[in-house]
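S.K.: Enclosed is the structure file query-v9.cif (mmCIF, C-alpha atoms).
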```
data_input
#
loop_
_atom_site.label_atom_id
_atom_site.label_comp_id
_atom_site.auth_asym_id
_atom_site.auth_seq_id
_atom_site.Cartn_x
_atom_site.Cartn_y
_atom_site.Cartn_z
CA MET A 1 1.14 26.75 -23.40
CA LEU A 2 -1.36 25.35 -20.88
CA GLU A 3 -3.84 24.62 -23.67
CA ASN A 4 -1.33 22.49 -25.60
CA ILE A 5 -1.50 18.87 -24.43
CA TRP A 6 2.21 18.31 -25.13
CA PHE A 7 3.29 21.24 -22.98
CA VAL A 8 0.96 20.15 -20.19
CA ALA A 9 2.38 16.61 -20.34
CA ALA A 10 5.90 18.06 -20.32
CA ILE A 11 5.14 20.08 -17.17
CA TRP A 12 3.78 17.04 -15.34
CA MET A 13 6.72 14.84 -16.33
CA ALA A 14 9.18 17.58 -15.41
CA LEU A 15 7.63 17.64 -11.94
CA ALA A 16 7.86 13.84 -11.78
CA PHE A 17 11.51 13.96 -12.88
CA ALA A 18 12.31 16.60 -10.27
CA ALA A 19 10.60 14.44 -7.62
CA SER A 20 12.79 11.48 -8.64
CA LEU A 21 15.97 13.53 -8.30
CA ILE A 22 14.92 14.84 -4.88
CA SER A 23 14.03 11.30 -3.78
CA ILE A 24 17.46 10.01 -4.80
CA TRP A 25 19.18 12.92 -3.05
CA THR A 26 17.21 12.70 0.21
CA GLY A 27 16.56 8.96 0.37
CA ILE A 28 12.83 9.60 0.91
CA SER A 29 10.14 7.61 -0.92
CA VAL A 30 9.49 9.08 -4.36
CA ALA A 31 5.74 8.77 -3.84
CA LEU A 32 5.99 11.06 -0.84
CA ILE A 33 8.11 13.57 -2.76
CA GLU A 34 5.59 13.57 -5.64
CA ILE A 35 2.79 14.47 -3.23
CA LEU A 36 4.87 17.32 -1.82
CA VAL A 37 5.71 18.51 -5.35
CA GLY A 38 1.98 18.48 -6.10
CA VAL A 39 1.31 20.59 -3.02
CA LEU A 40 3.87 23.20 -4.10
CA ALA A 41 2.74 23.17 -7.73
CA GLY A 42 -0.91 23.56 -6.80
CA ASN A 43 -0.42 26.34 -4.25
CA PHE A 44 2.38 28.35 -5.87
CA LEU A 45 2.40 27.51 -9.60
CA GLY A 46 -1.34 27.30 -10.19
CA LEU A 47 -1.21 23.76 -11.59
CA HIS A 48 -4.59 22.02 -11.93
CA ALA A 49 -5.72 18.51 -12.92
CA ASN A 50 -8.46 19.79 -15.21
CA MET A 51 -8.04 17.43 -18.18
CA ASP A 52 -9.70 14.04 -18.57
CA TRP A 53 -6.50 12.28 -19.61
CA ILE A 54 -4.72 13.44 -16.45
CA ASN A 55 -7.55 12.18 -14.28
CA PHE A 56 -7.53 8.83 -16.09
CA LEU A 57 -3.78 8.35 -15.69
CA ALA A 58 -4.13 9.23 -12.00
CA LEU A 59 -6.88 6.63 -11.56
CA LEU A 60 -4.79 4.09 -13.45
CA GLY A 61 -1.82 4.90 -11.23
CA SER A 62 -3.77 4.13 -8.06
CA ALA A 63 -5.07 0.82 -9.47
CA VAL A 64 -1.70 -0.41 -10.78
CA LEU A 65 0.10 0.63 -7.60
CA THR A 66 -2.48 -1.23 -5.53
CA PHE A 67 -2.06 -4.29 -7.76
CA LEU A 68 1.73 -4.23 -7.31
CA ALA A 69 1.35 -3.89 -3.53
CA GLY A 70 -0.69 -7.09 -3.47
CA ALA A 71 1.73 -8.84 -5.81
CA GLU A 72 4.68 -8.10 -3.49
CA ILE A 73 3.26 -10.35 -0.75
CA ASP A 74 5.08 -13.70 -0.60
CA PRO A 75 2.21 -16.26 -0.27
CA ARG A 76 4.51 -18.83 1.37
CA SER A 77 5.42 -16.34 4.10
CA LEU A 78 1.79 -15.38 4.53
CA ARG A 79 0.86 -19.02 5.18
CA ALA A 80 3.89 -19.86 7.33
CA ASN A 81 3.54 -16.86 9.65
CA LEU A 82 -0.25 -16.57 9.43
CA ARG A 83 -0.88 -16.46 13.17
CA ALA A 84 1.54 -13.62 13.93
CA SER A 85 0.94 -11.58 10.77
CA GLY A 86 -2.83 -12.19 10.84
CA LEU A 87 -3.44 -11.09 14.43
CA ILE A 88 -1.07 -8.12 14.17
CA GLY A 89 -2.58 -7.05 10.85
CA ILE A 90 -6.20 -7.31 12.04
CA LEU A 91 -5.68 -5.24 15.19
CA SER A 92 -3.38 -2.84 13.32
CA PHE A 93 -6.41 -2.01 11.17
CA GLY A 94 -9.25 -2.48 13.65
CA VAL A 95 -8.09 -0.44 16.65
CA PRO A 96 -7.16 2.77 14.75
CA PHE A 97 -10.23 2.48 12.53
CA VAL A 98 -12.69 2.35 15.42
CA VAL A 99 -10.93 4.88 17.67
CA VAL A 100 -10.34 7.50 14.94
CA TRP A 101 -13.90 7.01 13.66
CA LEU A 102 -15.36 7.64 17.14
CA PHE A 103 -12.99 10.54 17.80
CA ALA A 104 -13.87 12.24 14.51
CA GLN A 105 -17.60 11.76 15.04
CA PHE A 106 -18.02 12.55 18.72
CA VAL A 107 -15.09 14.88 19.46
CA LEU A 108 -14.56 16.70 16.16
CA GLY A 109 -18.27 16.60 15.35
CA TRP A 110 -17.90 15.16 11.84
CA PRO A 111 -20.99 13.40 10.40
CA LEU A 112 -20.95 9.58 10.29
CA PRO A 113 -19.71 9.08 6.67
CA GLN A 114 -16.96 11.66 7.10
CA ALA A 115 -15.86 10.08 10.38
CA GLN A 116 -15.75 6.66 8.71
CA ILE A 117 -13.52 8.00 5.93
CA ALA A 118 -11.21 9.43 8.62
CA GLY A 119 -11.07 6.06 10.37
CA ILE A 120 -10.28 4.23 7.13
CA ALA A 121 -7.64 6.73 5.98
CA LEU A 122 -5.77 6.64 9.30
CA SER A 123 -5.98 2.88 9.87
CA THR A 124 -3.69 2.04 6.94
CA THR A 125 -0.10 0.81 6.85
CA SER A 126 2.14 1.78 3.95
CA VAL A 127 3.28 -1.38 2.18
CA ALA A 128 5.41 0.82 -0.09
CA VAL A 129 7.32 2.44 2.78
CA VAL A 130 7.77 -0.79 4.73
CA TYR A 131 8.82 -2.70 1.62
CA ALA A 132 11.40 -0.03 0.77
CA VAL A 133 12.82 -0.16 4.30
CA MET A 134 13.09 -3.95 4.15
CA ILE A 135 14.71 -4.03 0.71
CA GLU A 136 17.19 -1.22 1.42
CA GLY A 137 18.26 -2.80 4.72
CA GLY A 138 18.39 -6.35 3.38
CA TYR A 139 15.74 -7.53 5.85
CA SER A 140 13.18 -8.83 3.38
CA ASP A 141 14.61 -12.37 3.43
CA THR A 142 14.24 -12.75 7.22
CA ALA A 143 11.23 -14.37 8.85
CA MET A 144 10.55 -11.21 10.84
CA GLY A 145 10.72 -9.04 7.74
CA LYS A 146 8.34 -11.32 5.86
CA THR A 147 5.95 -11.38 8.82
CA ILE A 148 5.83 -7.58 8.96
CA LEU A 149 5.16 -7.36 5.21
CA ALA A 150 2.39 -9.94 5.49
CA ALA A 151 0.86 -8.01 8.41
CA CYS A 152 0.90 -4.88 6.25
CA PHE A 153 -1.12 -6.80 3.66
CA ILE A 154 -3.72 -7.88 6.25
CA THR A 155 -4.05 -4.28 7.48
CA ASP A 156 -4.47 -2.81 4.02
CA LEU A 157 -6.87 -5.56 2.98
CA GLY A 158 -9.05 -4.50 5.91
CA THR A 159 -8.83 -0.91 4.67
CA VAL A 160 -9.85 -1.85 1.13
CA LEU A 161 -12.73 -4.03 2.34
CA ALA A 162 -13.96 -1.32 4.71
CA LEU A 163 -13.85 1.30 1.95
CA GLY A 164 -15.77 -0.96 -0.40
CA GLY A 165 -18.16 -2.32 2.23
CA LEU A 166 -19.18 0.96 3.82
CA PHE A 167 -19.56 3.00 0.65
CA ALA A 168 -20.61 0.44 -1.95
CA ASN A 169 -24.11 0.56 -3.44
CA PHE A 170 -25.63 -2.87 -2.73
CA ASN A 171 -27.59 -3.73 -5.89
CA LEU A 172 -27.56 -6.06 -8.89
CA ALA A 173 -24.45 -4.36 -10.30
CA LEU A 174 -22.55 -5.10 -7.09
CA ALA A 175 -23.68 -8.74 -7.15
CA LEU A 176 -22.49 -9.08 -10.75
CA PHE A 177 -19.17 -7.46 -9.86
CA VAL A 178 -18.60 -9.84 -6.92
CA ALA A 179 -19.52 -12.90 -9.01
CA VAL A 180 -17.26 -11.96 -11.93
CA MET A 181 -14.40 -11.03 -9.60
CA CYS A 182 -14.58 -14.41 -7.82
CA VAL A 183 -14.38 -16.25 -11.15
CA VAL A 184 -11.49 -14.12 -12.38
CA LEU A 185 -9.55 -14.49 -9.12
CA TRP A 186 -9.95 -18.29 -9.27
CA PHE A 187 -8.65 -18.66 -12.82
CA MET A 188 -6.25 -15.70 -12.99
CA PRO A 189 -3.06 -17.55 -11.92
CA ALA A 190 -3.60 -20.33 -14.49
CA TRP A 191 -4.43 -17.88 -17.27
CA THR A 192 -1.38 -15.74 -16.52
CA ARG A 193 1.00 -18.71 -16.31
CA PHE A 194 -0.35 -20.00 -19.64
CA ILE A 195 0.27 -16.67 -21.38
CA ILE A 196 3.75 -16.35 -19.88
CA GLU A 197 4.78 -19.88 -20.83
CA ARG A 198 3.29 -19.90 -24.34
CA LEU A 199 3.76 -16.30 -25.43
CA GLY A 200 5.55 -14.08 -22.95
CA ALA A 201 9.03 -15.58 -23.17
CA THR A 202 9.35 -15.13 -26.93
CA ARG A 203 7.37 -11.97 -27.69
CA VAL A 204 8.47 -8.36 -27.47
CA SER A 205 4.85 -7.16 -27.53
CA GLU A 206 4.48 -7.95 -23.79
CA PRO A 207 1.20 -9.92 -24.06
CA GLU A 208 1.22 -10.86 -20.38
CA VAL A 209 1.41 -7.22 -19.27
CA LYS A 210 -1.40 -6.27 -21.64
CA PHE A 211 -3.52 -9.15 -20.36
CA ILE A 212 -3.07 -8.10 -16.73
CA LEU A 213 -3.91 -4.47 -17.58
CA PHE A 214 -7.00 -5.66 -19.48
CA VAL A 215 -8.22 -7.56 -16.40
CA LEU A 216 -7.54 -4.57 -14.12
CA PHE A 217 -9.41 -2.22 -16.48
CA PHE A 218 -12.37 -4.60 -16.82
CA LEU A 219 -12.73 -5.26 -13.10
CA GLY A 220 -12.20 -1.57 -12.38
CA GLY A 221 -15.07 -0.78 -14.72
CA LEU A 222 -17.34 -3.28 -12.95
CA ALA A 223 -16.27 -1.91 -9.55
CA THR A 224 -17.03 1.71 -10.42
CA THR A 225 -20.37 0.69 -11.99
CA ALA A 226 -21.22 -0.95 -8.66
CA LYS A 227 -20.25 2.30 -6.86
CA SER A 228 -17.22 0.60 -5.32
CA GLU A 229 -13.53 1.40 -5.83
CA ALA A 230 -11.18 -0.03 -8.47
CA VAL A 231 -8.41 -0.57 -5.91
CA LEU A 232 -10.31 -3.49 -4.36
CA PRO A 233 -10.14 -5.89 -7.34
CA ALA A 234 -6.66 -4.60 -8.20
CA TYR A 235 -5.34 -5.54 -4.76
CA LEU A 236 -6.96 -8.99 -4.83
CA VAL A 237 -5.71 -9.73 -8.35
CA GLY A 238 -2.22 -8.78 -7.23
CA LEU A 239 -2.49 -11.12 -4.27
CA VAL A 240 -3.59 -14.16 -6.29
CA LEU A 241 -0.78 -13.49 -8.80
CA ALA A 242 1.89 -13.08 -6.12
CA GLY A 243 2.99 -16.70 -6.53
CA VAL A 244 3.31 -16.27 -10.30
CA PHE A 245 5.34 -13.09 -9.84
CA LEU A 246 7.51 -14.85 -7.29
CA ARG A 247 8.67 -17.20 -10.04
CA ASP A 248 8.86 -14.54 -12.78
CA LYS A 249 10.70 -11.53 -11.35
CA THR A 250 11.15 -10.06 -14.83
CA LEU A 251 7.42 -9.54 -15.24
CA VAL A 252 6.97 -7.72 -11.94
CA HIS A 253 10.02 -5.56 -12.64
CA ARG A 254 8.60 -4.53 -16.03
CA MET A 255 5.22 -3.66 -14.56
CA ARG A 256 6.84 -1.75 -11.70
CA SER A 257 8.93 0.26 -14.16
CA ILE A 258 5.88 1.11 -16.27
CA ALA A 259 3.83 2.10 -13.22
CA PHE A 260 6.41 4.28 -11.49
CA ALA A 261 7.59 5.93 -14.72
CA ILE A 262 4.19 6.87 -16.15
CA PHE A 263 1.13 6.16 -13.99
CA THR A 264 1.86 6.74 -10.32
CA PRO A 265 3.43 10.22 -10.73
CA PHE A 266 0.10 11.49 -12.05
CA TYR A 267 -1.74 9.94 -9.12
CA PHE A 268 0.52 11.26 -6.36
CA ILE A 269 1.06 14.71 -7.89
CA LYS A 270 -2.70 15.05 -8.39
CA ALA A 271 -3.27 14.02 -4.77
CA GLY A 272 -0.94 16.81 -3.66
CA LEU A 273 -2.86 19.35 -5.76
CA TYR A 274 -5.88 18.91 -3.50
CA ILE A 275 -4.01 20.15 -0.43
CA ALA A 276 -4.83 23.82 0.10
CA LEU A 277 -2.21 25.40 2.36
CA PRO A 278 -4.49 28.27 3.51
CA ALA A 279 -6.81 25.62 4.97
CA LEU A 280 -3.90 23.85 6.67
CA TRP A 281 -2.74 26.37 9.26
CA PRO A 282 -6.00 26.69 11.24
CA ALA A 283 -6.11 22.89 11.55
CA LEU A 284 -2.59 22.29 12.89
CA ALA A 285 -3.89 21.26 16.33
CA ILE A 286 -6.31 18.73 14.82
CA ILE A 287 -3.54 17.35 12.59
CA ALA A 288 -1.20 16.89 15.57
CA VAL A 289 -3.92 15.16 17.61
CA LEU A 290 -4.90 12.81 14.77
CA LEU A 291 -1.25 11.89 14.11
CA ALA A 292 -0.71 11.14 17.80
CA LEU A 293 -3.97 9.20 17.88
CA LYS A 294 -2.92 7.04 14.94
CA MET A 295 0.45 6.21 16.50
CA VAL A 296 -1.03 5.51 19.94
CA THR A 297 -3.75 3.23 18.56
CA LYS A 298 -1.19 1.35 16.48
CA LEU A 299 0.87 0.95 19.67
CA VAL A 300 -2.14 -0.43 21.53
CA GLY A 301 -3.08 -2.79 18.72
CA VAL A 302 0.34 -4.06 17.61
CA TRP A 303 2.88 -3.90 20.46
CA PRO A 304 1.22 -6.39 22.87
CA LEU A 305 0.70 -8.91 20.05
CA ALA A 306 4.30 -8.52 18.90
CA ARG A 307 5.46 -9.26 22.43
CA LEU A 308 3.03 -12.19 22.63
CA HIS A 309 4.72 -13.65 19.54
CA TYR A 310 8.14 -13.69 21.19
CA MET A 311 9.57 -10.40 19.92
CA SER A 312 11.88 -8.47 22.24
CA ARG A 313 10.88 -4.97 23.34
CA ARG A 314 13.11 -3.45 20.67
CA GLU A 315 11.72 -5.70 17.94
CA ALA A 316 8.13 -5.14 19.06
CA THR A 317 8.59 -1.36 19.07
CA TYR A 318 10.22 -1.48 15.63
CA THR A 319 7.34 -3.56 14.26
CA THR A 320 4.77 -1.22 15.80
CA LEU A 321 6.36 1.89 14.31
CA LEU A 322 6.51 0.37 10.83
CA MET A 323 2.87 -0.67 11.11
CA ALA A 324 2.06 2.96 12.01
CA THR A 325 3.30 4.26 8.66
CA GLY A 326 0.79 5.36 6.06
CA LEU A 327 0.87 6.66 2.52
CA THR A 328 -0.73 4.96 -0.46
CA PHE A 329 -3.99 3.60 0.91
CA GLY A 330 -4.46 6.56 3.22
CA THR A 331 -4.31 9.02 0.32
CA ILE A 332 -6.48 6.73 -1.83
CA SER A 333 -9.15 6.63 0.91
CA ALA A 334 -9.08 10.38 1.47
CA LEU A 335 -9.13 11.13 -2.25
CA PHE A 336 -12.04 8.72 -2.68
CA GLY A 337 -13.94 10.64 -0.02
CA LEU A 338 -13.20 13.99 -1.64
CA GLN A 339 -14.05 12.93 -5.19
CA ASN A 340 -17.33 11.37 -4.05
CA LYS A 341 -18.19 14.49 -1.99
CA ILE A 342 -18.18 12.60 1.31
CA ILE A 343 -15.59 14.91 2.85
CA ASP A 344 -14.81 18.53 2.03
CA GLN A 345 -11.55 20.22 1.01
CA ARG A 346 -10.58 21.11 4.58
CA GLN A 347 -11.12 17.58 5.87
CA TYR A 348 -9.20 16.15 2.93
CA THR A 349 -6.27 18.46 3.65
CA ILE A 350 -6.26 17.40 7.31
CA LEU A 351 -6.36 13.67 6.55
CA VAL A 352 -3.75 13.69 3.78
CA THR A 353 -1.40 15.82 5.88
CA VAL A 354 -1.67 13.33 8.74
CA VAL A 355 -1.08 10.46 6.27
CA ILE A 356 2.03 12.16 4.86
CA LEU A 357 3.42 12.84 8.34
CA SER A 358 2.78 9.21 9.30
CA ALA A 359 5.07 8.16 6.45
CA PHE A 360 7.89 10.31 7.88
CA VAL A 361 7.68 10.27 11.65
CA PRO A 362 7.29 6.57 12.59
CA THR A 363 9.79 5.43 9.94
CA LEU A 364 12.48 7.84 11.09
CA ILE A 365 11.99 6.91 14.76
CA ALA A 366 12.04 3.18 13.95
CA GLN A 367 15.24 3.34 11.90
CA LYS A 368 17.01 5.78 14.19
CA PHE A 369 16.33 4.21 17.57
CA PHE A 370 14.84 0.71 17.24
CA GLN A 371 16.31 -0.93 14.12
CA PRO A 372 17.11 -4.60 14.92
CA SER A 373 20.12 -6.24 13.33
CA ARG A 374 19.75 -8.83 10.59
CA ASP A 375 20.93 -11.49 13.03
CA ALA A 376 18.23 -10.49 15.51
CA MET A 377 15.54 -10.66 12.82
CA HIS A 378 16.80 -14.10 11.76
CA ALA A 379 16.90 -15.18 15.42
CA TRP A 380 13.25 -14.21 15.90
CA GLY A 381 12.30 -16.63 13.11
CA ARG A 382 14.09 -19.49 14.80
CA ARG A 383 12.59 -18.57 18.18
CA TYR A 384 9.10 -18.37 16.68
CA ARG A 385 9.51 -21.81 15.09
CA GLN A 386 10.78 -23.40 18.26
CA ARG A 387 8.01 -21.99 20.47
CA LEU A 388 5.12 -22.81 18.11
CA ASN A 389 6.71 -25.74 16.26
CA ILE A 390 5.94 -23.99 12.95
CA LEU A 391 8.46 -23.60 10.14
CA SER A 392 8.87 -20.11 8.78
CA VAL A 393 9.98 -19.76 5.17
CA GLU A 394 13.39 -18.56 6.29
CA ASP A 395 13.98 -21.47 8.65
CA ALA A 396 12.65 -24.02 6.20
CA GLY A 397 15.22 -22.77 3.71
CA GLU A 398 17.97 -22.99 6.31
CA GLN A 399 17.05 -26.58 7.14
CA THR A 400 17.03 -27.50 3.44
CA ASP A 401 20.52 -26.05 3.08
CA ASP A 402 21.68 -27.99 6.15
CA ARG A 403 20.35 -31.28 4.73
CA ARG A 404 22.04 -30.61 1.40
CA GLY A 405 25.30 -29.91 3.18
CA ALA A 406 25.01 -33.12 5.19
CA GLY A 407 24.29 -35.10 2.03
CA ALA A 408 27.36 -33.65 0.34
CA ASP A 409 29.51 -34.67 3.31
#
```
Spit out the file's structure as C-alpha cells when you get a sec.
M.R.:
Amino acid sequence: MLENIWFVAAIWMALAFAASLISIWTGISVALIEILVGVLAGNFLGLHANMDWINFLALLGSAVLTFLAGAEIDPRSLRANLRASGLIGILSFGVPFVVVWLFAQFVLGWPLPQAQIAGIALSTTSVAVVYAVMIEGGYSDTAMGKTILAACFITDLGTVLALGGLFANFNLALALFVAVMCVVLWFMPAWTRFIIERLGATRVSEPEVKFILFVLFFLGGLATTAKSEAVLPAYLVGLVLAGVFLRDKTLVHRMRSIAFAIFTPFYFIKAGLYIALPALWPALAIIAVLLALKMVTKLVGVWPLARLHYMSRREATYTTLLMATGLTFGTISALFGLQNKIIDQRQYTILVTVVILSAFVPTLIAQKFFQPSRDAMHAWGRRYRQRLNILSVEDAGEQTDDRRGAGAD
C-alpha cells in the first residue's frame, strides 16, 4: 500500500480530514492540530515524507500560507495606525530575537548559526492565530484589532527579513532576485487588477488564481536559487496585493479554500513528522525555559509601548499575550534550519515544541483573563485619535456615517 501513490495520498488526506474534525470539535486552530497529528503519525504509525511530490506540496503550502498572511493585512489600517503598530511590531520582533539568540549561544552553548535560528523562530507572532481570534470574536473591525493585526505583520516581516538576510548567499543570483522582485512588487497590483477586471469575472478557469500562483512559483524559484527562502517574496507579494484582495473578497476566499484544503495540510503534517518524541523528554527543562523567555521578552518589548499608546492595563496585557503567540513562521524558520542542516533533529524538536506551546498558552490566558469587550476596543480607537489627532480606519468610518446621517436629516 505504501508504494502506491494513491494510497499514500489517501493516508495523508485522511489525516488532514481527521485534523479538521478535531479542530472543529475543540475550537483549536487546524494548523496546530495538523502538526500534532503529524507528531503522532510519525512516532506511532511510521509515516514518512519520503516522496518528492509530498515535499513539493509541503513547500507550496508554506509559500501560499505566507502569501495569504500578507494579503490579510488591511493597508489602510497599517497606514492609519502606523506609529502604534510599527513600534509594537518592531520591538515584538527585536527583543525576543536578540535575547533568545544570546541565551542559546552563551547559556545553551549553541553555535552562532543555530542560536540565530532559535532567535528567529521564537521572535515570531502567529498572524493565523491572532486573525482567528479577531474574526471569531468580531474584533477585526475595531481600531485596536486592526492595530494588533498590523503589528503582527511588522513582527513577521522582521522574521522573514532576518531569515533571508542572515542565511542568504550574497552573489549575482541574489542581486538578480532582488531586482526582479522589486519590479514584480511594483507592477503586481496593476497586473492583478487588470486580469480580474478583464478575465476573472467571466471565466471559470480562474486565470487570476493561476497568475498569482505563477508569480509565487517564479519568485520562489529565484529565491531558492539565491539560497534564500520562498516565503520572503510570497509574504511581500501578499502585502502589495492586500488592497486588491480587500476589494475582491471572492478571490481571497477561493485561494484560502485551495490552500487549506490541499497545500497547508501537507506542510503542517510534514512539520510534525520531524518531531521525535524520544528526543523531547530530556529537553523538557530547556523547552520550559525557552517558552518562558519568549513570553517575558514579548512582555518587555510590547507591554510598555501598548501603555504608551493609551491602552489600559487589561488591553496592554491582552495585546502582549497575542503578540507572544507563534505558529506558522516559527515552524517555517525551524524547518528551514533543519532542512539546510543548520540545526539538528534535537534542536528542531525543542524549537517547534516551544512554538506549538506558544500558540496555546498565551492565547488561552489572553482570552480567559484579559479579553477586552468590543466597546473597549472601539473606545481605544477614539482615545488614540483624540490624543494623537490621527484618524483610525474605524473612526474615519464612524465620522463618515455621522456626516451621512446629518445630511439625511
S.K.: Work out how far apart atom CA of Val296 of chain A and atom CA of Asp141 of chain A are and give it in Å to one decimal.
M.R.: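 A separation of 28.9 Å between them.
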S.K.: Do a neighbour search on Arg79 of chain A at 10 Å with all atoms listed in the file, toss out local chain neighbours closer than 3 positions, and write the hits as a ChimeraX atom specification.
M.R.: /A:74-76,82-83,85-86,147,150,392-393
S.K.: What's the 7 Å shell around Phe268 of chain A, counting only C-alpha atoms, without same-chain residues fewer than 4 positions away, as a list in words?
M.R.: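 Residues meeting the cut-off are Ala31, Glu34, Ile35, Thr264 and Gly272 of chain A.
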S.K.: Using all atoms listed in the file, which protein or nucleic acid residues come within 8 Å of Phe97 of chain A? Drop anything in the same chain fewer than 6 positions from it, and give the result as a VMD selection string.
M.R.: chain A and resid 116 119 to 120 122 to 123
S.K.: Report as a list in words all protein, DNA and RNA residues lying within 9 Å of Phe266 of chain A, evaluated on all atoms listed in the file, omitting residues in the same chain fewer than 5 positions from it.
M.R.: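 Returned residues: Trp12, Met13, Ala16, Glu34, Ile54, Asn55, Leu57, Ala58, Leu59, Leu60, Gly61 and Ala271 of chain A.
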S.K.: Counting all atoms listed in the file, find residues at most 7 Å from (-5.3, -12.7, -9.3) (file frame) and give them as a list in words.
M.R.: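 Checking each residue against the 7 Å limit leaves Leu185, Met188, Pro189, Leu236, Val237, Gly238, Leu239, Val240 and Leu241 of chain A.
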S.K.: Measuring between all atoms listed in the file, which one of A:Ala104, A:Ala10, A:Ala19, A:Leu174 shows the shortest distance to Leu351 of chain A?
M.R.: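 Between A:Ala104, A:Ala10, A:Ala19, A:Leu174, the residue approaching Leu351 of chain A most closely is A:Ala104.
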S.K.: What's the 12 Å shell around Ala71 of chain A, counting only C-alpha atoms, without same-chain residues fewer than 6 positions away, as a PyMOL selection string?
M.R.: chain A and resi 64-65+127-128+131+149-150+153+189+212+234-249+251-253+255-256
S.K.: Just checking: using all atoms listed in the file, which residue out of A:Ala324, A:Leu364, A:Ala162, A:Leu68 ends up closest to Leu293 of chain A?
M.R.: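 Checking each of A:Ala324, A:Leu364, A:Ala162, A:Leu68 against Leu293 of chain A, counting all atoms listed in the file, the winner is A:Ala324.
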S.K.: Between A:Phe177, A:Tyr139, A:Phe370, A:Thr250, which residue has the minimum interatomic distance to Glu208 of chain A, considering only C-alpha atoms?
M.R.: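 Result for the nearest residue to Glu208 of chain A: A:Thr250.
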S.K.: Let me know the residues the PyMOL selection byres ((chain A and resi 142) around 9) catches in the file above, as a list in words.
M.R.: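 Expected selection for the PyMOL selection byres ((chain A and resi 142) around 9) here is Gly138, Tyr139, Ser140, Asp141, Ala143, Met144, Gly145, Lys146, Thr147, Arg374, Asp375, Met377, His378, Ala379, Trp380, Gly381, Val393, Glu394 and Asp395 of chain A.
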S.K.: What are the centre and edge lengths in Å, to one decimal, of the axis-aligned box around all listed atoms of segment 258-262 of chain A with 6 Å added on each side, as lines of an AutoDock Vina configuration file?
M.R.:
```
center_x = 5.7
center_y = 4.0
center_z = -13.9
size_x = 15.8
size_y = 17.8
size_z = 16.8
```
S.K.: Expanded to explicit residues, what is the PyMOL selection byres ((chain A and resi 332) around 10) for this file, as a PyMOL selection string?
M.R.: chain A and resi 59+62-63+66+121+160+163+229+231+267-268+271+327-331+333-338+352
S.K.: Could you tell me how far atom CA of Leu36 of chain A sits from atom CA of Phe93 of chain A, in Å to one decimal place?
M.R.: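 Calculated distance between atom CA of Phe93 of chain A and atom CA of Leu36 of chain A is 25.9 Å.
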S.K.: For Ile148 of chain A, which residue among A:Leu47, A:Val8, A:Val302, A:Val354 is the nearest when counting only C-alpha atoms?
M.R.: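 Comparing A:Leu47, A:Val8, A:Val302, A:Val354 against Ile148 of chain A, the winner is A:Val302.
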S.K.: Return the single residue from A:Arg254, A:Ala359, A:Arg314, A:Ile33 that is closest to Ala18 of chain A, with distances computed using only C-alpha atoms.
M.R.: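 Comparing A:Arg254, A:Ala359, A:Arg314, A:Ile33 against Ala18 of chain A, the winner is A:Ile33.
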S.K.: For each of A:Gly164, A:Asp344, A:Val361, A:Ser312, take the minimum atom-to-atom distance to Ala376 of chain A, counting only C-alpha atoms, then give the residue where this is smallest.
M.R.: A:Ser312
S.K.: Between atom CA of Gly38 of chain A and atom CA of Ser23 of chain A, what is the spacing in Å?
M.R.: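 Taking atom CA of Ser23 of chain A and atom CA of Gly38 of chain A, their separation equals 14.2 Å.
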S.K.: Translate the PyMOL selection byres ((chain A and resi 286-288) around 12) into a concrete residue list for this structure, as a PDB file with C-alpha atoms, in the frame of the given file.
M.R.:
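Once everything was written out, this is expr.pdb:
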```pdb
ATOM      1  CA  VAL A 100     -10.340   7.500  14.940  1.00  0.00           C
ATOM      2  CA  PHE A 103     -12.990  10.540  17.800  1.00  0.00           C
ATOM      3  CA  ALA A 104     -13.870  12.240  14.510  1.00  0.00           C
ATOM      4  CA  VAL A 107     -15.090  14.880  19.460  1.00  0.00           C
ATOM      5  CA  LEU A 108     -14.560  16.700  16.160  1.00  0.00           C
ATOM      6  CA  ALA A 118     -11.210   9.430   8.620  1.00  0.00           C
ATOM      7  CA  LEU A 122      -5.770   6.640   9.300  1.00  0.00           C
ATOM      8  CA  ALA A 279      -6.810  25.620   4.970  1.00  0.00           C
ATOM      9  CA  LEU A 280      -3.900  23.850   6.670  1.00  0.00           C
ATOM     10  CA  TRP A 281      -2.740  26.370   9.260  1.00  0.00           C
ATOM     11  CA  PRO A 282      -6.000  26.690  11.240  1.00  0.00           C
ATOM     12  CA  ALA A 283      -6.110  22.890  11.550  1.00  0.00           C
ATOM     13  CA  LEU A 284      -2.590  22.290  12.890  1.00  0.00           C
ATOM     14  CA  ALA A 285      -3.890  21.260  16.330  1.00  0.00           C
ATOM     15  CA  VAL A 289      -3.920  15.160  17.610  1.00  0.00           C
ATOM     16  CA  LEU A 290      -4.900  12.810  14.770  1.00  0.00           C
ATOM     17  CA  LEU A 291      -1.250  11.890  14.110  1.00  0.00           C
ATOM     18  CA  ALA A 292      -0.710  11.140  17.800  1.00  0.00           C
ATOM     19  CA  LEU A 293      -3.970   9.200  17.880  1.00  0.00           C
ATOM     20  CA  LYS A 294      -2.920   7.040  14.940  1.00  0.00           C
ATOM     21  CA  MET A 295       0.450   6.210  16.500  1.00  0.00           C
ATOM     22  CA  ARG A 346     -10.580  21.110   4.580  1.00  0.00           C
ATOM     23  CA  GLN A 347     -11.120  17.580   5.870  1.00  0.00           C
ATOM     24  CA  TYR A 348      -9.200  16.150   2.930  1.00  0.00           C
ATOM     25  CA  THR A 349      -6.270  18.460   3.650  1.00  0.00           C
ATOM     26  CA  ILE A 350      -6.260  17.400   7.310  1.00  0.00           C
ATOM     27  CA  LEU A 351      -6.360  13.670   6.550  1.00  0.00           C
ATOM     28  CA  VAL A 352      -3.750  13.690   3.780  1.00  0.00           C
ATOM     29  CA  THR A 353      -1.400  15.820   5.880  1.00  0.00           C
ATOM     30  CA  VAL A 354      -1.670  13.330   8.740  1.00  0.00           C
ATOM     31  CA  VAL A 355      -1.080  10.460   6.270  1.00  0.00           C
ATOM     32  CA  ILE A 356       2.030  12.160   4.860  1.00  0.00           C
ATOM     33  CA  LEU A 357       3.420  12.840   8.340  1.00  0.00           C
ATOM     34  CA  SER A 358       2.780   9.210   9.300  1.00  0.00           C
ATOM     35  CA  VAL A 361       7.680  10.270  11.650  1.00  0.00           C
TER      36      VAL A 361
END
```
